[in-house]
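Enquirer: I'd like to ask some things about the structure below.
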Amino acid sequence: MSFDMSQFHQVFFDETEEHLASMESLLLALPIESPDPEDLNAIFRAAHSIKGGAATFGFDDLADLTHVLENLLDRIRKGTMPLTRESVDIFLRAKDMLADMLGAHRGGDAADADAVNRVKEELVRIAQSQDGGAGEAVPDDAPAAASGGMTHTLSIEISAGAEGVESLLESLALEGDLTILKRPSEDDSSPWVVRLVGALDAGEAAETLAFALVPEAFHVVAGSALEESDGFGLFLDESSDSLAAPVTAATGNETVEDDSGFGLFEPLPATGDTETGIEGFGLFDAVSAPEPQRKTEPVPAASAAQPQTAGHPGAKGGENSIRVNIEKVDLLLNLVGELVITQSMLMQSGSRLDPAEHERLLDGIGQLERNSRELQEAVMSIRMTPISFVFNRFPRVVRDLTARLDKEVELKMIGENTELDKGFIEKLSDPLTHLVRNSLDHGIESPEERSRKGKPPVGRLTLRAFHQGGSIVIEVTDDGAGLDRERILAKARERGMTVSEALSDNEVWNLIFEPGFSTASVVTDVSGRGVGMDVVKRNIMSMGGHVDIDSLKDFGTTISIRLPLTLAIMDGMSVRIGEEIYILPLSFILESLQPPTSDVYTVSGKGLVVNVRGEYLPIVHLAGLFEVSGGKATPSEGILVIVECDESRLALMVDELIGQQQFVVKNLETNYHKVDGISGATILGDGQVALILDVTTIVRSNQKQALAANGGMATVAGLA
């Protein structure tokens, strides 16, 4: 059977990325003195799966480097070579190089061949150092058994009609000593018959073959029975000339009856190897190895959807999953958004009908509304991704940077399963990396300095994520030196900024978000160039979020990032200002009221304020802010909507509350340009375009005006 192998490239790329991520996380968590054998086996299996897939698809450079890495991992897991910190460092560098090579095959820039060779030389040097430096410890073409692992003898039969057999055999030759016992005859009726002696067991060999051949085209058994029969008639059923007939092969002291499950669809025979899982790169499910049973027919591929084994990346009980391009999910989400708009139009039209006369129609519209909301929530849940996809890269960052900075830091991650929109995942990577690097470089002190302060020599860095209202909050907390208020103020004056000692701590902390602002006395390759914190703020604000800082000298710093759960569909309150309709995000609204004149005051520097149960809140006249004519002139005539943001409250004055519903958020900048105080637009049920208010910007703009009116500075970063 002939088919295009390139159709599986994307599956291989995705699965290899997962294997590389799994390798890195397991390597970082390994205790050097007493590594968990199961973790060592999992790391080895990941490397082996990458090598097998790379060789099958013709990515020889990937297969070559992974082969050397796999041999070392095999020796470590079998106890013939000790695990050291140096070897873990080199394994991690090899993982990085494999990631670069994978990116090159995906269409990126070509990997540096010299860098690849240097990594390979380091791996060989590690092996030679354990062998006393004698000779080439891990030759690329040597069977894995030569490095101290268990040797398996396998008999393999491949249908004569299968295409690309030569390249498959070349892949298998990387695994050990391959002997071709029989080639197809001229009439192509007889199969290929080969013997493989090496580290692969039957299941692992079958996994390699399964990338290119359908199950009916090959057969693998453990043992050397082929030599005794010269390969004739061992697999073939003489009556049917079929490859599916049961065979018997010797495996040690056991006799195992195989039934042409090919190791992928049926339990594998026990061969003395502790590994039973098979990584199939998403093409086949992994299976375990219970007691083998004799069957008379092969299991069809359609029945292969078995629960994954616990060791499989991403396995979770009996769940099944499929890979879907994110563009298809975005298209589905956009269609749901259009459905929400249509449903809103129907609701608005139905609101003018007589309920008694059109009862069934209105009931149908109500049912459509419920179904639309359920569909929207279901589609949104598809886009929701655990933040662990971002957090899991930081153990490596912390490990590498603390080694360079000669510091000791314990990383703690809380709330890794907190979910947020997939669109935020990659955008969060750079801001969080900046924050983590700053905490390690500037925040956490050296062990000697911490001891002088009476602190434990090992610092602590905590990444925490949790939901709060309609937002997700991500905190980066360190127990280091904290921000130095006087040093920040001095640096601000040095840069010509107008600052006052009367500024609150939060206002001072916000100065570090000024472009080019840095208090570092020494510029290093880690930080100190004055580039970073302004990028953090800009990136977070582009996602509709904001950043807060809380710091105490010698106790540490917490930087909080607050983001909306999604930017696609939101619950909001439509309000009228003059003749215009605006949308207020529901997550910011606390209450609404129409105050008596006696509760409204004018305060110097703050303008109008309203007394709400003893708390005086500034009033923002939205009609005046957006220059809308025809708006109500006084609070007692209109309605005040109390909103909260950044632990600050204020009252937004509107003319009328229209109603609450879902709104599809459209990017205003794509079709127009950025407007202060506006975060986007939406389409109403009657086809009108309504603007969505940016409550965060309105609150901070009001704070800035109040400071300016009181003689403070008007250039405080983070207030506008």
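Just remember, in the structure tokens the first chain shown is A, the second B, etc., residues are 1-based per chain, and ligands are 1-based in the order shown.
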Within 6 Å of segment 156-173 of chain A, counting only C-alpha atoms, which residues show up once you throw out same-chain ones fewer than 4 positions away? Write them as a CSV table (one decimal) with C-alpha atoms, in the first residue's frame, please.

Expert:
chain,number,residue,atom,x,y,z
A,1,MET,CA,0.0,0.0,0.0
A,55,ALA,CA,14.4,7.8,11.3
A,178,LEU,CA,20.4,-6.2,11.1
A,184,PRO,CA,11.3,-11.0,-2.2
A,188,ASP,CA,7.1,-10.3,-5.5
A,191,PRO,CA,8.1,-11.4,1.9
A,192,TRP,CA,11.2,-9.7,3.2
A,193,VAL,CA,12.6,-11.7,6.2
A,194,VAL,CA,15.2,-10.0,8.5
A,217,ALA,CA,2.0,-5.5,5.9
A,218,PHE,CA,4.5,-6.6,8.7
A,219,HIS,CA,5.0,-8.9,11.6
A,220,VAL,CA,7.4,-8.9,14.5

Enquirer: Find the residues near Leu335 of chain A: any atom within 10 Å, counting only C-alpha atoms, skip ones fewer than 6 places away on the same chain, and give them as a list of chain:residue names.

Expert: A:Val329, A:Ile341, A:Gln376

Enquirer: Nearest to Gly415 of chain A among A:Ile569, A:Ile488, A:Val436, A:Ile472, with distances taken over only C-alpha atoms: which residue is it?

Expert: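 Checking each candidate against Gly415 of chain A, we get A:Ile472 as the closest.
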
Enquirer: Record the distance separating atom CA of Ile425 of chain A and atom CA of Leu405 of chain A, expressed in Å with one decimal.

Expert: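 Atom-to-atom, atom CA of Ile425 of chain A to atom CA of Leu405 of chain A, that is 28.0 Å.
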
Enquirer: Give the answer as one residue: which of A:Glu501, A:Asp441, A:Glu204, A:Asp554 has the shortest atom-to-atom distance to Lys455 of chain A, using only C-alpha atoms?

Expert: A:Asp554

Enquirer: List every residue of segment 433-603 of chain A that DSSP, applied to the backbone, labels as strand (DSSP E or B), and write the result as a PyMOL selection string.

Expert: chain A and resi 459-468+471-478+546-552+556-564+569-577+580-585+589-593+600-603

Enquirer: At what distance in Å, to one decimal, does atom CA of Lys674 of chain A lie from atom CA of Gly607 of chain A?

Expert: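 Calculated distance between atom CA of Gly607 of chain A and atom CA of Lys674 of chain A is 27.2 Å.
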
Enquirer: Give me, as an MDAnalysis selection string, all polymer residues having an atom no more than 12 Å from His67 of chain A, counting only C-alpha atoms and skipping those fewer than 2 positions away in the same chain.

Expert: chainID A and resid 44:55 60:65 69:74 94 98 120 123:124 138:144 171:176 199

Enquirer: Please return, as an mmCIF file with N, CA and C atoms, in the first residue's frame, all residues of segment 44-232 of chain A that DSSP assigns to alpha helix (DSSP H) on the basis of the backbone.

Expert:
data_model
loop_
_atom_site.group_PDB
_atom_site.id
_atom_site.type_symbol
_atom_site.label_atom_id
_atom_site.label_comp_id
_atom_site.auth_asym_id
_atom_site.auth_seq_id
_atom_site.Cartn_x
_atom_site.Cartn_y
_atom_site.Cartn_z
ATOM 1 N N PHE A 44 13.944 7.783 28.758
ATOM 2 C CA PHE A 44 14.485 6.933 27.690
ATOM 3 C C PHE A 44 13.434 6.683 26.614
ATOM 4 N N ARG A 45 12.210 6.373 27.017
ATOM 5 C CA ARG A 45 11.158 6.089 26.053
ATOM 6 C C ARG A 45 10.873 7.305 25.180
ATOM 7 N N ALA A 46 10.907 8.499 25.788
ATOM 8 C CA ALA A 46 10.673 9.717 25.002
ATOM 9 C C ALA A 46 11.755 9.872 23.932
ATOM 10 N N ALA A 47 13.026 9.681 24.327
ATOM 11 C CA ALA A 47 14.123 9.787 23.362
ATOM 12 C C ALA A 47 13.998 8.721 22.279
ATOM 13 N N HIS A 48 13.648 7.511 22.709
ATOM 14 C CA HIS A 48 13.522 6.421 21.732
ATOM 15 C C HIS A 48 12.394 6.689 20.743
ATOM 16 N N SER A 49 11.284 7.206 21.218
ATOM 17 C CA SER A 49 10.165 7.505 20.328
ATOM 18 C C SER A 49 10.536 8.586 19.321
ATOM 19 N N ILE A 50 11.265 9.600 19.780
ATOM 20 C CA ILE A 50 11.704 10.662 18.866
ATOM 21 C C ILE A 50 12.618 10.079 17.793
ATOM 22 N N LYS A 51 13.563 9.237 18.224
ATOM 23 C CA LYS A 51 14.503 8.660 17.265
ATOM 24 C C LYS A 51 13.783 7.784 16.245
ATOM 25 N N GLY A 52 12.889 6.940 16.711
ATOM 26 C CA GLY A 52 12.188 6.056 15.795
ATOM 27 C C GLY A 52 11.379 6.814 14.766
ATOM 28 N N GLY A 53 10.641 7.830 15.216
ATOM 29 C CA GLY A 53 9.849 8.621 14.284
ATOM 30 C C GLY A 53 10.721 9.403 13.315
ATOM 31 N N ALA A 54 11.821 10.005 13.834
ATOM 32 C CA ALA A 54 12.707 10.791 12.977
ATOM 33 C C ALA A 54 13.324 9.930 11.885
ATOM 34 N N ALA A 55 13.771 8.728 12.256
ATOM 35 C CA ALA A 55 14.366 7.832 11.261
ATOM 36 C C ALA A 55 13.341 7.397 10.229
ATOM 37 N N THR A 56 12.135 7.132 10.671
ATOM 38 C CA THR A 56 11.091 6.686 9.750
ATOM 39 C C THR A 56 10.740 7.760 8.726
ATOM 40 N N PHE A 57 10.682 9.009 9.163
ATOM 41 C CA PHE A 57 10.295 10.092 8.262
ATOM 42 C C PHE A 57 11.480 10.694 7.513
ATOM 43 N N ASP A 60 17.204 12.403 9.329
ATOM 44 C CA ASP A 60 18.357 11.644 9.793
ATOM 45 C C ASP A 60 19.174 12.381 10.843
ATOM 46 N N ASP A 61 19.251 13.727 10.747
ATOM 47 C CA ASP A 61 20.030 14.465 11.730
ATOM 48 C C ASP A 61 19.413 14.332 13.124
ATOM 49 N N LEU A 62 18.083 14.414 13.189
ATOM 50 C CA LEU A 62 17.394 14.218 14.466
ATOM 51 C C LEU A 62 17.613 12.807 15.002
ATOM 52 N N ALA A 63 17.486 11.818 14.129
ATOM 53 C CA ALA A 63 17.651 10.432 14.553
ATOM 54 C C ALA A 63 19.075 10.173 15.025
ATOM 55 N N ASP A 64 20.052 10.772 14.354
ATOM 56 C CA ASP A 64 21.450 10.538 14.682
ATOM 57 C C ASP A 64 21.792 11.062 16.072
ATOM 58 N N LEU A 65 21.405 12.314 16.352
ATOM 59 C CA LEU A 65 21.704 12.887 17.667
ATOM 60 C C LEU A 65 20.931 12.174 18.764
ATOM 61 N N THR A 66 19.658 11.868 18.509
ATOM 62 C CA THR A 66 18.846 11.206 19.520
ATOM 63 C C THR A 66 19.360 9.795 19.798
ATOM 64 N N HIS A 67 19.955 9.156 18.787
ATOM 65 C CA HIS A 67 20.507 7.814 18.976
ATOM 66 C C HIS A 67 21.631 7.831 20.004
ATOM 67 N N VAL A 68 22.525 8.821 19.883
ATOM 68 C CA VAL A 68 23.621 8.941 20.854
ATOM 69 C C VAL A 68 23.068 9.235 22.243
ATOM 70 N N LEU A 69 22.096 10.163 22.325
ATOM 71 C CA LEU A 69 21.478 10.501 23.601
ATOM 72 C C LEU A 69 20.774 9.292 24.201
ATOM 73 N N GLU A 70 20.056 8.549 23.372
ATOM 74 C CA GLU A 70 19.296 7.390 23.848
ATOM 75 C C GLU A 70 20.221 6.337 24.446
ATOM 76 N N ASN A 71 21.378 6.108 23.816
ATOM 77 C CA ASN A 71 22.306 5.102 24.331
ATOM 78 C C ASN A 71 22.798 5.448 25.728
ATOM 79 N N LEU A 72 23.087 6.734 25.956
ATOM 80 C CA LEU A 72 23.515 7.155 27.291
ATOM 81 C C LEU A 72 22.388 6.994 28.304
ATOM 82 N N LEU A 73 21.179 7.401 27.924
ATOM 83 C CA LEU A 73 20.038 7.252 28.818
ATOM 84 C C LEU A 73 19.779 5.778 29.142
ATOM 85 N N ASP A 74 19.995 4.910 28.163
ATOM 86 C CA ASP A 74 19.803 3.480 28.381
ATOM 87 C C ASP A 74 20.794 2.956 29.422
ATOM 88 N N ARG A 75 22.026 3.421 29.346
ATOM 89 C CA ARG A 75 23.035 2.983 30.315
ATOM 90 C C ARG A 75 22.698 3.475 31.722
ATOM 91 N N ILE A 76 22.210 4.710 31.808
ATOM 92 C CA ILE A 76 21.885 5.265 33.118
ATOM 93 C C ILE A 76 20.708 4.535 33.738
ATOM 94 N N ARG A 77 19.679 4.269 32.944
ATOM 95 C CA ARG A 77 18.497 3.618 33.510
ATOM 96 C C ARG A 77 18.795 2.184 33.928
ATOM 97 N N ARG A 85 25.185 15.716 37.748
ATOM 98 C CA ARG A 85 24.646 17.026 37.367
ATOM 99 C C ARG A 85 25.162 17.433 35.997
ATOM 100 N N GLU A 86 26.441 17.116 35.725
ATOM 101 C CA GLU A 86 27.015 17.461 34.424
ATOM 102 C C GLU A 86 26.277 16.743 33.297
ATOM 103 N N SER A 87 25.962 15.467 33.494
ATOM 104 C CA SER A 87 25.256 14.733 32.442
ATOM 105 C C SER A 87 23.853 15.292 32.238
ATOM 106 N N VAL A 88 23.166 15.688 33.315
ATOM 107 C CA VAL A 88 21.841 16.302 33.169
ATOM 108 C C VAL A 88 21.951 17.602 32.385
ATOM 109 N N ASP A 89 22.991 18.411 32.676
ATOM 110 C CA ASP A 89 23.184 19.655 31.932
ATOM 111 C C ASP A 89 23.340 19.386 30.441
ATOM 112 N N ILE A 90 24.137 18.368 30.109
ATOM 113 C CA ILE A 90 24.368 18.057 28.701
ATOM 114 C C ILE A 90 23.106 17.485 28.058
ATOM 115 N N PHE A 91 22.368 16.666 28.813
ATOM 116 C CA PHE A 91 21.104 16.137 28.280
ATOM 117 C C PHE A 91 20.137 17.283 27.967
ATOM 118 N N LEU A 92 20.103 18.279 28.826
ATOM 119 C CA LEU A 92 19.224 19.428 28.590
ATOM 120 C C LEU A 92 19.673 20.218 27.367
ATOM 121 N N ARG A 93 20.993 20.350 27.190
ATOM 122 C CA ARG A 93 21.475 21.035 25.989
ATOM 123 C C ARG A 93 21.124 20.237 24.728
ATOM 124 N N ALA A 94 21.212 18.924 24.845
ATOM 125 C CA ALA A 94 20.816 18.082 23.719
ATOM 126 C C ALA A 94 19.333 18.260 23.403
ATOM 127 N N LYS A 95 18.523 18.356 24.454
ATOM 128 C CA LYS A 95 17.084 18.581 24.243
ATOM 129 C C LYS A 95 16.856 19.909 23.520
ATOM 130 N N ASP A 96 17.578 20.967 23.938
ATOM 131 C CA ASP A 96 17.432 22.262 23.269
ATOM 132 C C ASP A 96 17.836 22.167 21.802
ATOM 133 N N MET A 97 18.907 21.446 21.542
ATOM 134 C CA MET A 97 19.365 21.310 20.161
ATOM 135 C C MET A 97 18.346 20.528 19.321
ATOM 136 N N LEU A 98 17.771 19.491 19.898
ATOM 137 C CA LEU A 98 16.732 18.734 19.188
ATOM 138 C C LEU A 98 15.539 19.629 18.876
ATOM 139 N N ALA A 99 15.192 20.509 19.810
ATOM 140 C CA ALA A 99 14.086 21.442 19.572
ATOM 141 C C ALA A 99 14.419 22.383 18.416
ATOM 142 N N ASP A 100 15.678 22.868 18.362
ATOM 143 C CA ASP A 100 16.092 23.734 17.259
ATOM 144 C C ASP A 100 16.024 22.989 15.924
ATOM 145 N N MET A 101 16.492 21.738 15.934
ATOM 146 C CA MET A 101 16.472 20.937 14.705
ATOM 147 C C MET A 101 15.039 20.652 14.267
ATOM 148 N N LEU A 102 14.163 20.410 15.231
ATOM 149 C CA LEU A 102 12.756 20.175 14.912
ATOM 150 C C LEU A 102 12.153 21.422 14.278
ATOM 151 N N GLY A 103 12.485 22.594 14.840
ATOM 152 C CA GLY A 103 11.992 23.841 14.259
ATOM 153 C C GLY A 103 12.480 24.045 12.836
ATOM 154 N N ALA A 104 13.723 23.622 12.570
ATOM 155 C CA ALA A 104 14.259 23.743 11.215
ATOM 156 C C ALA A 104 13.480 22.862 10.251
ATOM 157 N N HIS A 105 13.160 21.644 10.657
ATOM 158 C CA HIS A 105 12.389 20.754 9.793
ATOM 159 C C HIS A 105 10.956 21.243 9.624
ATOM 160 N N ALA A 113 24.941 23.379 12.263
ATOM 161 C CA ALA A 113 25.557 22.052 12.202
ATOM 162 C C ALA A 113 26.708 21.938 13.180
ATOM 163 N N ASP A 114 27.487 23.012 13.335
ATOM 164 C CA ASP A 114 28.608 22.970 14.287
ATOM 165 C C ASP A 114 28.111 22.812 15.710
ATOM 166 N N ALA A 115 27.016 23.496 16.024
ATOM 167 C CA ALA A 115 26.454 23.376 17.375
ATOM 168 C C ALA A 115 25.950 21.963 17.617
ATOM 169 N N VAL A 116 25.345 21.353 16.596
ATOM 170 C CA VAL A 116 24.882 19.967 16.721
ATOM 171 C C VAL A 116 26.061 19.045 17.011
ATOM 172 N N ASN A 117 27.147 19.223 16.274
ATOM 173 C CA ASN A 117 28.324 18.376 16.481
ATOM 174 C C ASN A 117 28.928 18.577 17.855
ATOM 175 N N ARG A 118 28.908 19.821 18.335
ATOM 176 C CA ARG A 118 29.465 20.072 19.678
ATOM 177 C C ARG A 118 28.651 19.348 20.745
ATOM 178 N N VAL A 119 27.327 19.372 20.608
ATOM 179 C CA VAL A 119 26.485 18.663 21.571
ATOM 180 C C VAL A 119 26.752 17.166 21.512
ATOM 181 N N LYS A 120 26.874 16.645 20.288
ATOM 182 C CA LYS A 120 27.132 15.213 20.135
ATOM 183 C C LYS A 120 28.485 14.841 20.758
ATOM 184 N N GLU A 121 29.482 15.701 20.555
ATOM 185 C CA GLU A 121 30.802 15.441 21.137
ATOM 186 C C GLU A 121 30.749 15.452 22.659
ATOM 187 N N GLU A 122 29.935 16.351 23.227
ATOM 188 C CA GLU A 122 29.795 16.382 24.683
ATOM 189 C C GLU A 122 29.171 15.093 25.200
ATOM 190 N N LEU A 123 28.159 14.598 24.474
ATOM 191 C CA LEU A 123 27.536 13.337 24.879
ATOM 192 C C LEU A 123 28.547 12.194 24.833
ATOM 193 N N VAL A 124 29.337 12.142 23.762
ATOM 194 C CA VAL A 124 30.339 11.085 23.642
ATOM 195 C C VAL A 124 31.388 11.218 24.741
ATOM 196 N N ARG A 125 31.775 12.475 25.043
ATOM 197 C CA ARG A 125 32.779 12.678 26.098
ATOM 198 C C ARG A 125 32.286 12.173 27.449
ATOM 199 N N ILE A 126 31.003 12.419 27.751
ATOM 200 C CA ILE A 126 30.443 11.919 28.997
ATOM 201 C C ILE A 126 30.535 10.394 29.044
ATOM 202 N N ALA A 127 30.205 9.753 27.931
ATOM 203 C CA ALA A 127 30.253 8.292 27.890
ATOM 204 C C ALA A 127 31.681 7.789 28.047
ATOM 205 N N GLN A 128 32.631 8.450 27.383
ATOM 206 C CA GLN A 128 34.021 8.019 27.464
ATOM 207 C C GLN A 128 34.584 8.209 28.869
ATOM 208 N N SER A 129 34.143 9.286 29.531
ATOM 209 C CA SER A 129 34.645 9.516 30.881
ATOM 210 C C SER A 129 34.215 8.412 31.838
ATOM 211 N N GLN A 130 33.057 7.816 31.576
ATOM 212 C CA GLN A 130 32.587 6.714 32.410
ATOM 213 C C GLN A 130 33.249 5.391 32.028
ATOM 214 N N VAL A 165 10.602 -0.133 1.845
ATOM 215 C CA VAL A 165 11.147 -1.089 2.803
ATOM 216 C C VAL A 165 12.625 -0.812 3.060
ATOM 217 N N GLU A 166 13.361 -0.428 2.011
ATOM 218 C CA GLU A 166 14.800 -0.201 2.196
ATOM 219 C C GLU A 166 15.068 0.881 3.225
ATOM 220 N N SER A 167 14.300 1.996 3.157
ATOM 221 C CA SER A 167 14.513 3.073 4.127
ATOM 222 C C SER A 167 14.120 2.647 5.531
ATOM 223 N N LEU A 168 13.086 1.811 5.634
ATOM 224 C CA LEU A 168 12.698 1.302 6.943
ATOM 225 C C LEU A 168 13.793 0.422 7.531
ATOM 226 N N LEU A 169 14.379 -0.409 6.687
ATOM 227 C CA LEU A 169 15.447 -1.285 7.170
ATOM 228 C C LEU A 169 16.679 -0.479 7.594
ATOM 229 N N GLU A 170 16.927 0.643 6.882
ATOM 230 C CA GLU A 170 18.019 1.521 7.298
ATOM 231 C C GLU A 170 17.753 2.094 8.684
ATOM 232 N N SER A 171 16.482 2.425 8.954
ATOM 233 C CA SER A 171 16.119 2.933 10.283
ATOM 234 C C SER A 171 16.357 1.872 11.348
ATOM 235 N N LEU A 172 15.956 0.643 11.043
ATOM 236 C CA LEU A 172 16.147 -0.442 12.008
ATOM 237 C C LEU A 172 17.624 -0.739 12.209
ATOM 238 N N ALA A 173 18.439 -0.519 11.156
ATOM 239 C CA ALA A 173 19.867 -0.799 11.272
ATOM 240 C C ALA A 173 20.537 0.102 12.294
ATOM 241 N N ALA A 202 10.137 -6.393 20.858
ATOM 242 C CA ALA A 202 9.207 -6.560 19.746
ATOM 243 C C ALA A 202 8.281 -5.367 19.584
ATOM 244 N N GLY A 203 7.776 -4.848 20.707
ATOM 245 C CA GLY A 203 6.852 -3.722 20.635
ATOM 246 C C GLY A 203 7.506 -2.481 20.091
ATOM 247 N N GLU A 204 8.762 -2.223 20.492
ATOM 248 C CA GLU A 204 9.451 -1.026 20.025
ATOM 249 C C GLU A 204 9.760 -1.113 18.531
ATOM 250 N N ALA A 205 10.130 -2.296 18.059
ATOM 251 C CA ALA A 205 10.355 -2.462 16.623
ATOM 252 C C ALA A 205 9.062 -2.274 15.852
ATOM 253 N N ALA A 206 7.971 -2.820 16.377
ATOM 254 C CA ALA A 206 6.677 -2.662 15.716
ATOM 255 C C ALA A 206 6.265 -1.203 15.657
ATOM 256 N N GLU A 207 6.607 -0.467 16.705
ATOM 257 C CA GLU A 207 6.281 0.966 16.725
ATOM 258 C C GLU A 207 6.969 1.700 15.588
ATOM 259 N N THR A 208 8.235 1.392 15.343
ATOM 260 C CA THR A 208 8.970 2.032 14.264
ATOM 261 C C THR A 208 8.357 1.700 12.906
ATOM 262 N N LEU A 209 8.016 0.445 12.700
ATOM 263 C CA LEU A 209 7.440 0.016 11.426
ATOM 264 C C LEU A 209 6.051 0.608 11.201
ATOM 265 N N ALA A 225 13.848 -17.958 15.532
ATOM 266 C CA ALA A 225 13.349 -19.139 14.835
ATOM 267 C C ALA A 225 13.544 -19.040 13.337
ATOM 268 N N LEU A 226 13.673 -17.817 12.825
ATOM 269 C CA LEU A 226 13.834 -17.668 11.383
ATOM 270 C C LEU A 226 15.097 -18.352 10.878
ATOM 271 N N GLU A 227 16.152 -18.310 11.718
ATOM 272 C CA GLU A 227 17.398 -18.921 11.287
ATOM 273 C C GLU A 227 17.222 -20.421 11.079
ATOM 274 N N GLU A 228 16.410 -21.010 11.949
ATOM 275 C CA GLU A 228 16.219 -22.445 11.852
ATOM 276 C C GLU A 228 15.450 -22.829 10.604
ATOM 277 N N SER A 229 14.516 -21.969 10.166
ATOM 278 C CA SER A 229 13.685 -22.310 9.005
ATOM 279 C C SER A 229 14.082 -21.559 7.760
#

Enquirer: Name all residues at most 8 Å from Val508 of chain A (count only C-alpha atoms; drop same-chain ones fewer than 5 positions away) and give them as a list in words.

Expert: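 Residues meeting the cut-off are Arg485, Ile488, Leu489, Leu503 and Val716 of chain A.
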
Enquirer: Just the selected residues (N, CA and C atoms), exported as a CSV table (one decimal), in the first residue's frame, please.

Expert:
chain,number,residue,atom,x,y,z
A,485,ARG,N,12.6,52.1,47.5
A,485,ARG,CA,11.9,53.4,47.2
A,485,ARG,C,12.8,54.5,46.9
A,488,ILE,N,14.7,54.2,43.6
A,488,ILE,CA,13.8,54.5,42.5
A,488,ILE,C,13.6,56.0,42.3
A,489,LEU,N,13.3,56.7,43.4
A,489,LEU,CA,13.1,58.1,43.3
A,489,LEU,C,14.3,58.8,42.8
A,503,LEU,N,4.6,60.9,47.0
A,503,LEU,CA,4.0,59.8,46.2
A,503,LEU,C,3.8,58.6,47.1
A,716,VAL,N,3.4,59.9,36.2
A,716,VAL,CA,3.6,58.7,36.9
A,716,VAL,C,3.2,57.5,36.0

Enquirer: Need to verify the contact set: segment 640-645 of chain A, 8 Å, only C-alpha atoms, exclusion of same-chain residues closer than 2 positions in sequence. Can you return it as a list in words?

Expert: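 Selected residues are Phe588, Ile589, Leu590, Glu591, Ser592, Leu593, Gln594, Pro595, Ile619, Pro635, Gly638, Glu647, Ser648, Arg649, Leu650, Ala651, Leu652, Met653, Val654, Val695, Thr696 and Val699 of chain A.
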
Enquirer: Keeping only C-alpha atoms, write the selected residues to a file as a PDB file, in the first residue's frame.

Expert:
ATOM      1  CA  PHE A 588     -16.416  45.459  36.801  1.00  0.00           C
ATOM      2  CA  ILE A 589     -19.913  46.476  37.964  1.00  0.00           C
ATOM      3  CA  LEU A 590     -20.758  46.402  41.678  1.00  0.00           C
ATOM      4  CA  GLU A 591     -24.121  48.195  41.760  1.00  0.00           C
ATOM      5  CA  SER A 592     -26.123  51.052  40.275  1.00  0.00           C
ATOM      6  CA  LEU A 593     -28.098  53.830  41.997  1.00  0.00           C
ATOM      7  CA  GLN A 594     -29.756  57.200  41.507  1.00  0.00           C
ATOM      8  CA  PRO A 595     -28.452  59.364  44.373  1.00  0.00           C
ATOM      9  CA  ILE A 619     -18.050  60.665  39.742  1.00  0.00           C
ATOM     10  CA  PRO A 635     -26.172  62.711  38.970  1.00  0.00           C
ATOM     11  CA  GLY A 638     -29.073  60.206  35.609  1.00  0.00           C
ATOM     12  CA  GLU A 647      -9.058  48.036  44.357  1.00  0.00           C
ATOM     13  CA  SER A 648     -10.316  51.517  43.455  1.00  0.00           C
ATOM     14  CA  ARG A 649     -13.975  52.417  43.062  1.00  0.00           C
ATOM     15  CA  LEU A 650     -15.672  55.214  41.200  1.00  0.00           C
ATOM     16  CA  ALA A 651     -19.133  56.091  39.895  1.00  0.00           C
ATOM     17  CA  LEU A 652     -19.787  56.285  36.155  1.00  0.00           C
ATOM     18  CA  MET A 653     -22.677  58.586  35.304  1.00  0.00           C
ATOM     19  CA  VAL A 654     -24.986  57.350  32.513  1.00  0.00           C
ATOM     20  CA  VAL A 695     -13.028  50.605  32.763  1.00  0.00           C
ATOM     21  CA  THR A 696      -9.373  50.095  33.722  1.00  0.00           C
ATOM     22  CA  VAL A 699     -10.218  54.523  36.524  1.00  0.00           C
TER      23      VAL A 699
END

Enquirer: Find, counting only C-alpha atoms, the residue in A:Gln10, A:Thr385, A:Thr558, A:Ser604 that gets nearest to Asp478 of chain A.

Expert: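 Looking only at the distances to Asp478 of chain A, the closest residue turns out to be A:Thr558.
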
Enquirer: What gap, in Å, lies between atom CA of Asn667 of chain A and atom CA of Met573 of chain A?

Expert: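 Those two atoms sit 18.5 Å apart.
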